[in-house]
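Quick look at data.tsv (TSV, C-alpha atoms):
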```
chain	number	residue	atom	x	y	z
A	1	MET	CA	9.05	50.46	82.48
A	2	LYS	CA	11.76	48.44	84.26
A	3	ARG	CA	15.08	50.28	84.62
A	4	LEU	CA	18.32	48.41	84.13
A	5	PRO	CA	20.94	48.67	86.92
A	6	THR	CA	23.61	51.19	86.08
A	7	VAL	CA	27.35	50.96	86.78
A	8	TYR	CA	26.78	53.35	89.67
A	9	HIS	CA	24.39	50.93	91.35
A	10	ARG	CA	26.88	48.08	91.00
A	11	ILE	CA	29.79	50.04	92.57
A	12	ILE	CA	27.98	51.07	95.77
A	13	PRO	CA	27.80	47.55	97.32
A	14	LEU	CA	31.48	46.97	96.51
A	15	ALA	CA	32.49	50.23	98.20
A	16	VAL	CA	30.47	49.38	101.29
A	17	ALA	CA	32.19	46.02	101.50
A	18	LEU	CA	35.64	47.59	101.29
A	19	LEU	CA	34.88	50.25	103.90
A	20	ALA	CA	33.29	47.87	106.38
A	21	PRO	CA	35.26	47.20	109.63
A	22	SER	CA	37.46	44.13	109.63
A	23	GLY	CA	35.23	42.49	112.20
A	24	VAL	CA	32.20	42.72	109.92
A	25	ARG	CA	31.92	40.00	107.31
A	26	LEU	CA	29.66	40.56	104.29
A	27	ALA	CA	28.48	37.39	102.66
A	28	TYR	CA	27.14	37.14	99.14
A	29	GLY	CA	25.45	34.00	97.98
A	30	GLN	CA	26.81	30.72	99.30
A	31	GLY	CA	30.59	31.58	99.12
A	32	GLN	CA	32.91	30.23	101.87
A	33	GLU	CA	35.02	32.63	103.91
A	34	LEU	CA	38.78	32.16	103.38
A	35	PRO	CA	41.06	31.66	106.41
A	36	PRO	CA	43.27	34.62	107.39
A	37	VAL	CA	46.69	34.72	105.73
A	38	LYS	CA	49.61	34.00	108.08
A	39	VAL	CA	52.93	35.69	107.26
A	40	ASP	CA	56.14	34.21	108.71
A	41	LEU	CA	58.74	36.96	109.18
A	42	PRO	CA	62.26	36.45	110.61
A	43	PRO	CA	62.74	37.74	114.16
A	44	PRO	CA	64.14	41.28	114.38
A	45	PRO	CA	67.93	41.40	114.97
A	46	ASN	CA	69.07	41.89	118.54
A	47	PHE	CA	71.70	44.61	118.43
A	48	ASN	CA	72.56	44.12	122.12
A	49	VAL	CA	74.05	40.65	121.64
A	50	GLN	CA	77.81	40.70	122.36
A	51	THR	CA	80.34	39.01	120.11
A	52	ALA	CA	81.80	36.96	122.97
A	53	PRO	CA	80.92	35.91	126.52
A	54	GLU	CA	82.55	37.81	129.36
A	55	LYS	CA	84.37	34.60	130.32
A	56	TYR	CA	84.75	31.33	128.40
A	57	PRO	CA	83.81	27.97	129.99
A	58	SER	CA	87.54	27.11	130.05
A	59	GLY	CA	88.14	30.11	132.35
A	60	GLU	CA	89.76	32.69	130.05
A	61	LEU	CA	88.33	36.21	129.73
A	62	SER	CA	87.17	37.69	126.44
A	63	ILE	CA	88.35	41.16	125.46
A	64	TYR	CA	84.78	42.35	126.00
A	65	GLY	CA	84.74	40.92	129.53
A	66	LEU	CA	88.20	42.32	130.32
A	67	ARG	CA	87.24	45.85	129.27
A	68	LYS	CA	83.79	45.70	130.88
A	69	HIS	CA	85.39	45.00	134.27
A	70	MET	CA	88.47	47.14	133.67
A	71	ASN	CA	88.69	48.46	137.24
A	72	GLN	CA	88.68	44.90	138.58
A	73	TYR	CA	91.54	43.62	136.39
A	74	LEU	CA	93.74	46.70	135.86
A	75	ASP	CA	97.39	46.18	136.88
A	76	LYS	CA	96.78	42.46	137.46
A	77	ASP	CA	97.80	39.37	135.51
A	78	VAL	CA	94.96	38.08	133.32
A	79	GLN	CA	94.38	35.34	130.76
A	80	VAL	CA	92.46	36.19	127.57
A	81	ARG	CA	91.17	33.97	124.76
A	82	ALA	CA	90.84	35.82	121.44
A	83	TYR	CA	91.77	35.80	117.75
A	84	MET	CA	95.04	37.02	116.27
A	85	LEU	CA	94.40	40.07	114.08
A	86	GLU	CA	97.91	41.22	113.15
A	87	VAL	CA	101.52	40.77	114.22
A	88	TYR	CA	103.55	43.97	113.84
A	89	GLU	CA	106.50	43.79	111.49
A	90	CYS	CA	108.94	46.65	111.12
A	91	PRO	CA	108.87	47.88	107.47
A	92	ALA	CA	111.85	46.54	105.49
A	93	GLU	CA	113.33	49.97	104.65
A	94	GLN	CA	112.95	51.16	108.23
A	95	ARG	CA	114.56	47.99	109.57
A	96	LYS	CA	117.48	48.30	107.14
A	97	CYS	CA	118.03	51.90	108.17
A	98	ASN	CA	118.20	50.91	111.83
A	99	ASP	CA	120.47	47.94	111.13
A	100	ASP	CA	122.86	50.17	109.19
A	101	LEU	CA	122.86	52.71	112.00
A	102	ALA	CA	123.55	49.99	114.58
A	103	ALA	CA	126.45	48.66	112.50
A	104	LYS	CA	127.87	52.17	112.11
A	105	THR	CA	127.58	52.79	115.86
A	106	LYS	CA	129.29	49.47	116.62
A	107	LYS	CA	132.12	50.31	114.23
A	108	GLN	CA	132.58	53.70	115.86
A	109	LYS	CA	132.77	52.13	119.33
A	110	LYS	CA	135.57	49.83	118.15
A	111	LYS	CA	137.50	52.86	116.90
A	112	GLU	CA	137.07	54.52	120.30
A	113	LEU	CA	138.45	51.46	122.08
A	114	LYS	CA	141.45	51.29	119.75
A	115	SER	CA	142.20	54.93	120.43
A	116	GLY	CA	142.47	54.27	124.15
A	117	GLY	CA	138.84	54.76	125.03
A	118	LEU	CA	138.87	58.46	124.19
A	119	PRO	CA	135.70	59.23	122.22
A	120	GLY	CA	135.94	61.74	119.46
A	121	LYS	CA	139.67	61.29	118.76
A	122	ALA	CA	140.88	62.07	115.23
A	123	GLY	CA	137.79	64.19	114.61
A	124	ALA	CA	135.31	61.29	114.80
A	125	PRO	CA	132.07	61.92	116.75
A	126	PRO	CA	131.39	59.81	119.86
A	127	ALA	CA	129.20	56.78	119.19
A	128	ALA	CA	126.57	58.05	121.64
A	129	ASP	CA	126.25	61.28	119.64
A	130	MET	CA	125.63	59.61	116.30
A	131	LYS	CA	122.11	60.23	115.01
A	132	GLY	CA	120.33	58.32	112.29
A	133	GLY	CA	117.92	59.76	109.76
A	134	CYS	CA	115.36	57.01	110.29
A	135	ARG	CA	112.59	56.25	112.75
A	136	PRO	CA	113.35	53.39	115.15
A	137	CYS	CA	111.25	50.24	114.77
A	138	ASP	CA	108.48	49.81	117.32
A	139	GLN	CA	108.83	47.28	120.09
A	140	PRO	CA	107.35	43.85	119.20
A	141	HIS	CA	103.56	43.79	119.57
A	142	PHE	CA	100.41	42.27	118.09
A	143	PHE	CA	96.65	42.83	118.13
A	144	LEU	CA	93.83	40.52	119.26
A	145	GLY	CA	90.06	40.62	118.68
A	146	ASP	CA	87.00	38.80	120.00
A	147	THR	CA	86.26	37.80	116.39
A	148	PRO	CA	88.62	37.17	113.45
A	149	THR	CA	87.09	40.18	111.66
A	150	THR	CA	87.41	42.71	114.49
A	151	LYS	CA	88.71	46.05	113.22
A	152	LEU	CA	92.28	46.77	114.25
A	153	ASP	CA	91.38	49.99	116.04
A	154	HIS	CA	88.95	48.00	118.23
A	155	GLY	CA	91.51	45.28	118.98
A	156	LEU	CA	93.55	44.65	122.13
A	157	LEU	CA	97.27	45.46	121.89
A	158	VAL	CA	99.71	42.94	123.39
A	159	ALA	CA	103.09	44.56	123.97
A	160	ASP	CA	106.72	43.51	124.21
A	161	TYR	CA	106.66	39.80	123.42
A	162	PRO	CA	110.19	38.30	123.07
A	163	VAL	CA	111.73	37.75	119.65
A	164	LYS	CA	114.37	35.26	120.75
A	165	ASP	CA	114.61	31.67	121.97
A	166	TRP	CA	115.41	31.68	125.69
A	167	LYS	CA	117.55	28.54	125.55
A	168	THR	CA	119.67	29.36	122.48
A	169	ASN	CA	119.39	33.17	122.69
A	170	LYS	CA	118.87	33.18	118.91
A	171	PRO	CA	116.21	35.21	117.07
A	172	LYS	CA	112.80	33.53	117.05
A	173	PRO	CA	110.08	35.41	115.11
A	174	LEU	CA	106.47	34.96	116.12
A	175	GLU	CA	104.61	33.05	113.41
A	176	VAL	CA	100.86	33.04	114.06
A	177	LYS	CA	98.44	33.44	111.16
A	178	PRO	CA	95.68	36.07	111.41
A	179	GLY	CA	92.36	34.48	112.38
A	180	THR	CA	94.00	31.91	114.68
A	181	GLN	CA	92.49	31.62	118.15
A	182	VAL	CA	95.10	32.04	120.88
A	183	ILE	CA	95.38	32.43	124.65
A	184	VAL	CA	97.52	35.28	125.98
A	185	THR	CA	98.59	35.76	129.58
A	186	GLY	CA	100.06	38.97	130.92
A	187	THR	CA	99.52	42.13	132.94
A	188	PHE	CA	96.51	44.28	132.01
A	189	ALA	CA	97.64	47.92	132.06
A	190	ILE	CA	97.25	51.35	130.47
A	191	ASN	CA	100.98	51.76	129.68
A	192	SER	CA	103.75	49.32	128.82
A	193	ILE	CA	107.43	49.62	129.67
A	194	GLY	CA	108.19	49.61	125.92
A	195	GLY	CA	106.29	52.87	125.43
A	196	PHE	CA	102.82	51.75	124.32
A	197	ALA	CA	99.68	53.32	125.79
A	198	ALA	CA	95.96	52.53	125.41
A	199	SER	CA	93.10	54.19	127.29
A	200	ASP	CA	91.00	51.01	127.07
A	201	GLY	CA	93.92	48.87	128.23
A	202	LEU	CA	96.66	46.66	126.79
A	203	ILE	CA	98.42	43.50	127.90
A	204	ILE	CA	102.09	43.35	128.84
A	205	HIS	CA	103.04	39.95	127.39
A	206	LYS	CA	104.10	37.04	129.55
A	207	LYS	CA	102.89	33.95	127.66
A	208	LEU	CA	101.18	33.12	124.37
A	209	GLN	CA	99.56	29.74	123.65
A	210	ASP	CA	97.48	28.27	120.86
A	211	SER	CA	93.85	27.31	121.52
A	212	GLU	CA	94.96	23.85	122.73
A	213	GLY	CA	97.51	25.19	125.23
A	214	LYS	CA	100.77	24.77	123.28
A	215	VAL	CA	103.25	27.55	124.17
A	216	LEU	CA	104.09	29.77	121.18
A	217	ALA	CA	106.06	32.44	123.04
A	218	GLU	CA	106.88	33.16	126.68
A	219	GLY	CA	108.40	35.91	128.73
A	220	ASN	CA	108.83	39.60	127.96
A	221	ALA	CA	111.34	41.45	125.81
A	222	VAL	CA	111.71	44.36	128.26
A	223	LEU	CA	111.02	43.11	131.80
A	224	PRO	CA	114.00	41.85	133.84
A	225	PRO	CA	114.11	38.09	134.57
A	226	ASP	CA	112.96	38.49	138.18
A	227	ALA	CA	109.76	40.21	136.98
A	228	GLN	CA	108.82	37.49	134.51
A	229	THR	CA	106.44	35.55	136.70
A	230	ILE	CA	102.73	34.99	136.04
A	231	ASN	CA	100.51	35.62	139.06
A	232	LEU	CA	96.95	34.63	138.17
A	233	GLU	CA	94.35	34.85	140.90
A	234	GLY	CA	93.65	31.44	142.41
A	235	LYS	CA	96.64	29.79	140.72
A	236	PRO	CA	100.25	29.18	141.83
A	237	ALA	CA	102.91	31.57	140.52
A	238	GLU	CA	104.49	30.47	137.22
A	239	LYS	CA	107.94	31.57	136.07
A	240	VAL	CA	108.32	32.20	132.33
A	241	GLY	CA	111.03	33.26	129.91
A	242	GLY	CA	114.32	34.21	131.54
A	243	ALA	CA	112.93	33.54	135.01
A	244	ARG	CA	112.01	29.97	134.06
A	245	ILE	CA	115.43	29.30	132.49
A	246	ASP	CA	117.23	30.66	135.57
A	247	ALA	CA	115.06	28.53	137.88
A	248	GLU	CA	115.77	25.41	135.83
A	249	LYS	CA	119.53	26.07	135.92
A	250	GLU	CA	119.41	26.62	139.66
A	251	ALA	CA	117.47	23.38	140.17
A	252	LYS	CA	120.03	21.42	138.10
A	253	GLY	CA	122.90	22.96	140.08
A	254	LYS	CA	121.45	21.72	143.37
A	255	LYS	CA	121.30	18.09	142.16
```
File written out as C-alpha coordinates:
Amino acid sequence: MKRLPTVYHRIIPLAVALLAPSGVRLAYGQGQELPPVKVDLPPPPNFNVQTAPEKYPSGELSIYGLRKHMNQYLDKDVQVRAYMLEVYECPAEQRKCNDDLAAKTKKQKKKELKSGGLPGKAGAPPAADMKGGCRPCDQPHFFLGDTPTTKLDHGLLVADYPVKDWKTNKPKPLEVKPGTQVIVTGTFAINSIGGFAASDGLIIHKKLQDSEGKVLAEGNAVLPPDAQTINLEGKPAEKVGGARIDAEKEAKGKK
(Lines of atoms letter the chains of each structure in order from A and count residues from 1; the text may use other names and numbers.)
(Lines give C-alpha, C1' and ligand atoms only; values in the text may rest on other atoms or scores of the structure.)
Protein backbone atom coordinates (compact mmCIF):
# COMPACT_ATOMS: atom_id res chain seq x y z
CA MET A 1 0.00 0.00 0.00
CA LYS A 2 1.42 3.41 -0.99
CA ARG A 3 1.55 5.92 1.87
CA LEU A 4 0.67 9.54 1.23
CA PRO A 5 3.22 12.19 2.33
CA THR A 6 2.25 13.75 5.62
CA VAL A 7 2.59 17.39 6.68
CA TYR A 8 5.63 16.34 8.69
CA HIS A 9 7.40 15.11 5.56
CA ARG A 10 6.68 18.37 3.76
CA ILE A 11 8.07 20.59 6.57
CA ILE A 12 11.47 18.88 6.86
CA PRO A 13 12.86 20.08 3.47
CA LEU A 14 11.68 23.63 4.21
CA ALA A 15 13.43 23.64 7.59
CA VAL A 16 16.64 22.37 6.05
CA ALA A 17 16.53 25.14 3.48
CA LEU A 18 16.07 27.81 6.14
CA LEU A 19 18.87 26.46 8.34
CA ALA A 20 21.36 26.04 5.52
CA PRO A 21 24.38 28.46 5.52
CA SER A 22 24.02 31.56 3.39
CA GLY A 23 26.70 30.30 1.05
CA VAL A 24 24.73 27.15 0.25
CA ARG A 25 22.02 27.54 -2.35
CA LEU A 26 19.26 24.92 -2.56
CA ALA A 27 17.59 24.73 -5.92
CA TYR A 28 14.21 23.18 -6.55
CA GLY A 29 13.05 22.55 -10.07
CA GLN A 30 14.07 25.07 -12.70
CA GLY A 31 13.58 28.30 -10.59
CA GLN A 32 16.03 31.22 -11.10
CA GLU A 33 17.99 32.59 -8.16
CA LEU A 34 17.08 36.20 -7.30
CA PRO A 35 19.86 38.82 -7.04
CA PRO A 36 20.77 39.99 -3.52
CA VAL A 37 18.81 42.98 -2.22
CA LYS A 38 20.84 46.19 -1.93
CA VAL A 39 19.79 48.64 0.81
CA ASP A 40 20.86 52.29 0.50
CA LEU A 41 21.23 53.84 3.96
CA PRO A 42 22.29 57.45 4.67
CA PRO A 43 25.84 57.83 5.99
CA PRO A 44 26.11 57.96 9.80
CA PRO A 45 26.34 61.52 11.19
CA ASN A 46 29.82 62.80 12.00
CA PHE A 47 29.59 64.32 15.45
CA ASN A 48 33.16 65.67 15.24
CA VAL A 49 32.37 68.21 12.49
CA GLN A 50 32.74 71.77 13.82
CA THR A 51 30.17 74.48 13.14
CA ALA A 52 32.78 76.84 11.67
CA PRO A 53 36.34 76.75 10.33
CA GLU A 54 39.10 77.92 12.63
CA LYS A 55 39.73 80.81 10.22
CA TYR A 56 37.62 82.08 7.31
CA PRO A 57 39.12 82.51 3.80
CA SER A 58 38.79 86.29 4.27
CA GLY A 59 41.17 86.08 7.27
CA GLU A 60 38.86 86.47 10.28
CA LEU A 61 38.85 83.90 13.10
CA SER A 62 35.77 81.97 14.14
CA ILE A 63 34.85 81.79 17.82
CA TYR A 64 35.78 78.11 17.71
CA GLY A 65 39.23 78.93 16.30
CA LEU A 66 39.76 81.77 18.79
CA ARG A 67 38.99 79.57 21.79
CA LYS A 68 40.90 76.56 20.44
CA HIS A 69 44.09 78.65 20.28
CA MET A 70 43.30 80.74 23.35
CA ASN A 71 46.90 80.87 24.61
CA GLN A 72 48.05 82.21 21.24
CA TYR A 73 45.55 85.09 21.06
CA LEU A 74 44.97 86.04 24.72
CA ASP A 75 45.62 89.73 25.47
CA LYS A 76 46.06 90.49 21.76
CA ASP A 77 43.87 92.29 19.23
CA VAL A 78 41.90 89.84 17.07
CA GLN A 79 39.27 89.96 14.34
CA VAL A 80 36.32 87.55 14.53
CA ARG A 81 33.54 86.80 12.04
CA ALA A 82 30.35 85.52 13.72
CA TYR A 83 26.60 86.01 14.07
CA MET A 84 24.88 88.49 16.37
CA LEU A 85 22.92 86.63 19.05
CA GLU A 86 21.72 89.41 21.35
CA VAL A 87 22.43 93.06 22.15
CA TYR A 88 22.02 93.82 25.85
CA GLU A 89 19.40 96.40 26.73
CA CYS A 90 18.94 97.67 30.26
CA PRO A 91 15.38 96.80 31.45
CA ALA A 92 13.07 99.83 31.24
CA GLU A 93 12.27 99.96 34.99
CA GLN A 94 15.93 99.57 35.92
CA ARG A 95 16.95 102.30 33.47
CA LYS A 96 14.27 104.67 34.80
CA CYS A 97 15.42 104.07 38.36
CA ASN A 98 19.00 104.94 37.43
CA ASP A 99 17.94 108.00 35.43
CA ASP A 100 15.90 109.28 38.37
CA LEU A 101 18.83 108.71 40.71
CA ALA A 102 21.19 110.55 38.36
CA ALA A 103 18.78 113.50 38.14
CA LYS A 104 18.44 113.58 41.93
CA THR A 105 22.23 113.50 42.35
CA LYS A 106 22.66 116.31 39.81
CA LYS A 107 20.06 118.41 41.60
CA GLN A 108 21.80 117.86 44.92
CA LYS A 109 25.15 118.93 43.46
CA LYS A 110 23.61 122.21 42.28
CA LYS A 111 22.34 122.85 45.81
CA GLU A 112 25.84 122.25 47.17
CA LEU A 113 27.33 124.76 44.73
CA LYS A 114 24.72 127.38 45.64
CA SER A 115 25.51 126.92 49.31
CA GLY A 116 29.15 127.78 48.72
CA GLY A 117 30.39 124.31 47.92
CA LEU A 118 29.74 123.00 51.42
CA PRO A 119 28.12 119.57 51.08
CA GLY A 120 25.48 118.65 53.57
CA LYS A 121 24.41 122.22 54.44
CA ALA A 122 20.82 122.71 55.64
CA GLY A 123 20.60 119.03 56.58
CA ALA A 124 20.88 117.73 53.00
CA PRO A 125 23.15 114.69 52.45
CA PRO A 126 26.20 115.10 50.19
CA ALA A 127 25.59 114.00 46.61
CA ALA A 128 28.33 111.38 46.86
CA ASP A 129 26.54 109.76 49.81
CA MET A 130 23.19 109.40 48.08
CA LYS A 131 22.26 105.77 47.47
CA GLY A 132 19.63 104.47 45.12
CA GLY A 133 17.41 101.46 45.67
CA CYS A 134 18.04 100.06 42.21
CA ARG A 135 20.71 97.98 40.51
CA PRO A 136 22.88 99.92 38.04
CA CYS A 137 22.55 98.99 34.37
CA ASP A 138 25.31 96.81 32.97
CA GLN A 139 27.91 98.30 30.68
CA PRO A 140 26.98 97.98 26.97
CA HIS A 141 27.71 94.50 25.60
CA PHE A 142 26.46 91.92 23.11
CA PHE A 143 26.87 88.21 22.34
CA LEU A 144 28.15 86.48 19.19
CA GLY A 145 27.92 82.86 18.00
CA ASP A 146 29.43 80.75 15.23
CA THR A 147 25.86 80.03 14.09
CA PRO A 148 22.68 82.14 14.35
CA THR A 149 21.20 79.50 16.68
CA THR A 150 24.12 79.23 19.12
CA LYS A 151 22.89 79.19 22.72
CA LEU A 152 23.62 82.39 24.60
CA ASP A 153 25.65 80.63 27.30
CA HIS A 154 27.96 79.28 24.56
CA GLY A 155 28.33 82.67 22.88
CA LEU A 156 31.23 85.12 22.94
CA LEU A 157 30.68 88.30 24.97
CA VAL A 158 31.83 91.59 23.42
CA ALA A 159 32.17 94.26 26.10
CA ASP A 160 32.01 98.03 26.35
CA TYR A 161 31.05 99.15 22.85
CA PRO A 162 30.30 102.93 22.67
CA VAL A 163 26.72 104.19 22.73
CA LYS A 164 27.44 107.62 21.28
CA ASP A 165 28.46 109.20 17.97
CA TRP A 166 32.08 110.33 18.20
CA LYS A 167 31.58 113.38 15.98
CA THR A 168 28.37 114.76 17.53
CA ASN A 169 28.79 113.23 21.01
CA LYS A 170 25.08 112.34 20.90
CA PRO A 171 23.61 108.97 21.92
CA LYS A 172 23.82 106.35 19.18
CA PRO A 173 22.25 102.97 20.04
CA LEU A 174 23.56 99.85 18.35
CA GLU A 175 20.94 98.48 15.97
CA VAL A 176 21.95 95.04 14.66
CA LYS A 177 19.31 92.34 14.25
CA PRO A 178 19.95 88.90 15.76
CA GLY A 179 21.14 86.44 13.12
CA THR A 180 23.14 89.09 11.23
CA GLN A 181 26.72 88.14 10.39
CA VAL A 182 29.22 90.72 11.64
CA ILE A 183 32.96 91.24 12.04
CA VAL A 184 34.22 92.41 15.44
CA THR A 185 37.72 93.64 16.20
CA GLY A 186 39.08 94.05 19.70
CA THR A 187 41.29 92.69 22.45
CA PHE A 188 40.76 89.05 23.45
CA ALA A 189 40.89 88.88 27.25
CA ILE A 190 39.52 87.18 30.37
CA ASN A 191 38.40 90.44 32.05
CA SER A 192 37.17 93.77 30.71
CA ILE A 193 37.68 97.19 32.24
CA GLY A 194 33.88 97.51 32.55
CA GLY A 195 33.74 94.58 34.98
CA PHE A 196 32.90 91.60 32.75
CA ALA A 197 34.74 88.28 33.13
CA ALA A 198 34.67 85.04 31.11
CA SER A 199 36.89 82.00 31.66
CA ASP A 200 36.70 81.09 27.95
CA GLY A 201 37.48 84.67 26.93
CA LEU A 202 35.67 87.83 25.82
CA ILE A 203 36.46 90.67 23.44
CA ILE A 204 37.04 94.25 24.54
CA HIS A 205 35.34 96.13 21.69
CA LYS A 206 37.24 98.35 19.29
CA LYS A 207 35.32 98.07 16.00
CA LEU A 208 32.17 96.40 14.69
CA GLN A 209 31.44 95.96 10.97
CA ASP A 210 28.78 94.22 8.92
CA SER A 211 29.73 91.22 6.76
CA GLU A 212 30.65 93.57 3.87
CA GLY A 213 32.97 95.75 5.97
CA LYS A 214 30.70 98.75 6.72
CA VAL A 215 31.50 100.21 10.17
CA LEU A 216 28.55 99.92 12.59
CA ALA A 217 30.36 101.05 15.75
CA GLU A 218 33.93 101.96 16.65
CA GLY A 219 35.97 102.66 19.72
CA ASN A 220 35.34 101.73 23.34
CA ALA A 221 33.07 103.22 25.98
CA VAL A 222 35.62 102.84 28.80
CA LEU A 223 39.14 102.98 27.33
CA PRO A 224 40.82 106.42 27.14
CA PRO A 225 41.35 107.87 23.63
CA ASP A 226 45.07 107.04 23.56
CA ALA A 227 44.26 103.34 24.10
CA GLN A 228 41.75 103.13 21.26
CA THR A 229 44.06 101.79 18.58
CA ILE A 230 43.72 98.44 16.79
CA ASN A 231 46.96 96.47 16.58
CA LEU A 232 46.36 93.38 14.44
CA GLU A 233 49.33 91.16 13.72
CA GLY A 234 50.72 91.83 10.26
CA LYS A 235 48.68 95.01 9.75
CA PRO A 236 49.42 98.71 10.41
CA ALA A 237 47.99 100.24 13.58
CA GLU A 238 44.50 101.75 13.14
CA LYS A 239 43.09 104.47 15.37
CA VAL A 240 39.37 104.22 16.15
CA GLY A 241 36.76 106.14 18.11
CA GLY A 242 38.12 109.07 20.11
CA ALA A 243 41.67 108.36 18.95
CA ARG A 244 40.63 108.62 15.30
CA ILE A 245 38.72 111.87 15.87
CA ASP A 246 41.68 113.41 17.71
CA ALA A 247 44.08 112.35 14.93
CA GLU A 248 41.82 113.86 12.27
CA LYS A 249 41.58 117.16 14.19
CA GLU A 250 45.34 117.25 14.61
CA ALA A 251 45.86 116.60 10.89
CA LYS A 252 43.47 119.44 9.96
CA GLY A 253 45.25 121.80 12.36
CA LYS A 254 48.59 121.21 10.65
CA LYS A 255 47.23 122.18 7.20
Review point. When distances are computed from all atoms listed in the file, which of A:Gly242, A:Gly145, A:Gly201, A:Gly234 shows the smallest separation from Asp165 (chain A)?
Key: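 Checking each candidate against Asp165 (chain A), we get A:Gly242 as the closest.
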**Study point:** One-decimal distance in Å that lies between CA of Gly65 (chain A) and CA of Thr51 (chain A)
**Key:** 10.6 Å
Practice item. Would you list the residues near (113.8, 39.3, 138.8) (no more than 12 Å away, in the coordinates of the file, using all atoms listed in the file) as an NGL selection string? Key: :A and (219-220 or 222-229 or 239-247)
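The space between CA of Phe188 (chain A) and CA of Glu60 (chain A) spans 13.6 Å.
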Review point. At what distance in Å, to one decimal, does CA of Ile204 (chain A) lie from CA of Ala159 (chain A)?
Key: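 Going from CA of Ala159 (chain A) over to CA of Ile204 (chain A), I get 5.1 Å.
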Point to revise | Surrounding residues of Asp153 (chain A) excluding itself and chain neighbours under 6 positions, 12 Å, all atoms listed in the file, as a VMD selection string | key: chain A and resid 85 to 86 143 to 145 198 200
Fewer than 3 positions away in the same chain doesn't count, so skip those; otherwise give me all residues within 9 Å of region 170-174 of chain A, counting all atoms listed in the file, as a PDB file with C-alpha atoms, in the coordinates of the input.
```
ATOM      1  CA  VAL A  87     101.520  40.770 114.220  1.00  0.00           C
ATOM      2  CA  TYR A 161     106.660  39.800 123.420  1.00  0.00           C
ATOM      3  CA  PRO A 162     110.190  38.300 123.070  1.00  0.00           C
ATOM      4  CA  VAL A 163     111.730  37.750 119.650  1.00  0.00           C
ATOM      5  CA  LYS A 164     114.370  35.260 120.750  1.00  0.00           C
ATOM      6  CA  ASP A 165     114.610  31.670 121.970  1.00  0.00           C
ATOM      7  CA  TRP A 166     115.410  31.680 125.690  1.00  0.00           C
ATOM      8  CA  LYS A 167     117.550  28.540 125.550  1.00  0.00           C
ATOM      9  CA  LEU A 216     104.090  29.770 121.180  1.00  0.00           C
ATOM     10  CA  ALA A 217     106.060  32.440 123.040  1.00  0.00           C
TER      11      ALA A 217
END
```
Residues around (78.7, 35.3, 123.3), cut-off 12 Å, counting all atoms listed in the file - what are they as a PDB file with C-alpha atoms, in the frame of the given file?
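point_11.pdb, written as the output of this step:
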```pdb
ATOM      1  CA  ASN A  48      72.560  44.120 122.120  1.00  0.00           C
ATOM      2  CA  VAL A  49      74.050  40.650 121.640  1.00  0.00           C
ATOM      3  CA  GLN A  50      77.810  40.700 122.360  1.00  0.00           C
ATOM      4  CA  THR A  51      80.340  39.010 120.110  1.00  0.00           C
ATOM      5  CA  ALA A  52      81.800  36.960 122.970  1.00  0.00           C
ATOM      6  CA  PRO A  53      80.920  35.910 126.520  1.00  0.00           C
ATOM      7  CA  GLU A  54      82.550  37.810 129.360  1.00  0.00           C
ATOM      8  CA  LYS A  55      84.370  34.600 130.320  1.00  0.00           C
ATOM      9  CA  TYR A  56      84.750  31.330 128.400  1.00  0.00           C
ATOM     10  CA  PRO A  57      83.810  27.970 129.990  1.00  0.00           C
ATOM     11  CA  LEU A  61      88.330  36.210 129.730  1.00  0.00           C
ATOM     12  CA  SER A  62      87.170  37.690 126.440  1.00  0.00           C
ATOM     13  CA  ILE A  63      88.350  41.160 125.460  1.00  0.00           C
ATOM     14  CA  TYR A  64      84.780  42.350 126.000  1.00  0.00           C
ATOM     15  CA  GLY A  65      84.740  40.920 129.530  1.00  0.00           C
ATOM     16  CA  ASP A 146      87.000  38.800 120.000  1.00  0.00           C
ATOM     17  CA  THR A 147      86.260  37.800 116.390  1.00  0.00           C
TER      18      THR A 147
END
```
Check your understanding: So, counting only C-alpha atoms, which residue among A:Ile230, A:Ala251, A:Ala221, A:Ala82 is closest to Thr150 (chain A)?
Key ->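 Answer, going by the shortest atom-to-atom distance: A:Ala82.
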Point to revise | Shell around Gly213 (chain A) at 10 Å using only C-alpha atoms, local window under 5 positions removed, as a list in words | key: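 These residues fall inside the cut-off: Val182, Ile183 and Leu208 of chain A.
Compared by their closest atoms to Leu156 (chain A), and using all atoms listed in the file, the residues A:Lys249, A:Lys106, A:His205, A:Thr168 rank with A:His205 nearest.
Candidate residues A:Leu74, A:Lys252, A:Asp138, A:Thr185 were compared for distance to Val215 (chain A), and the nearest is A:Thr185, using only C-alpha atoms.
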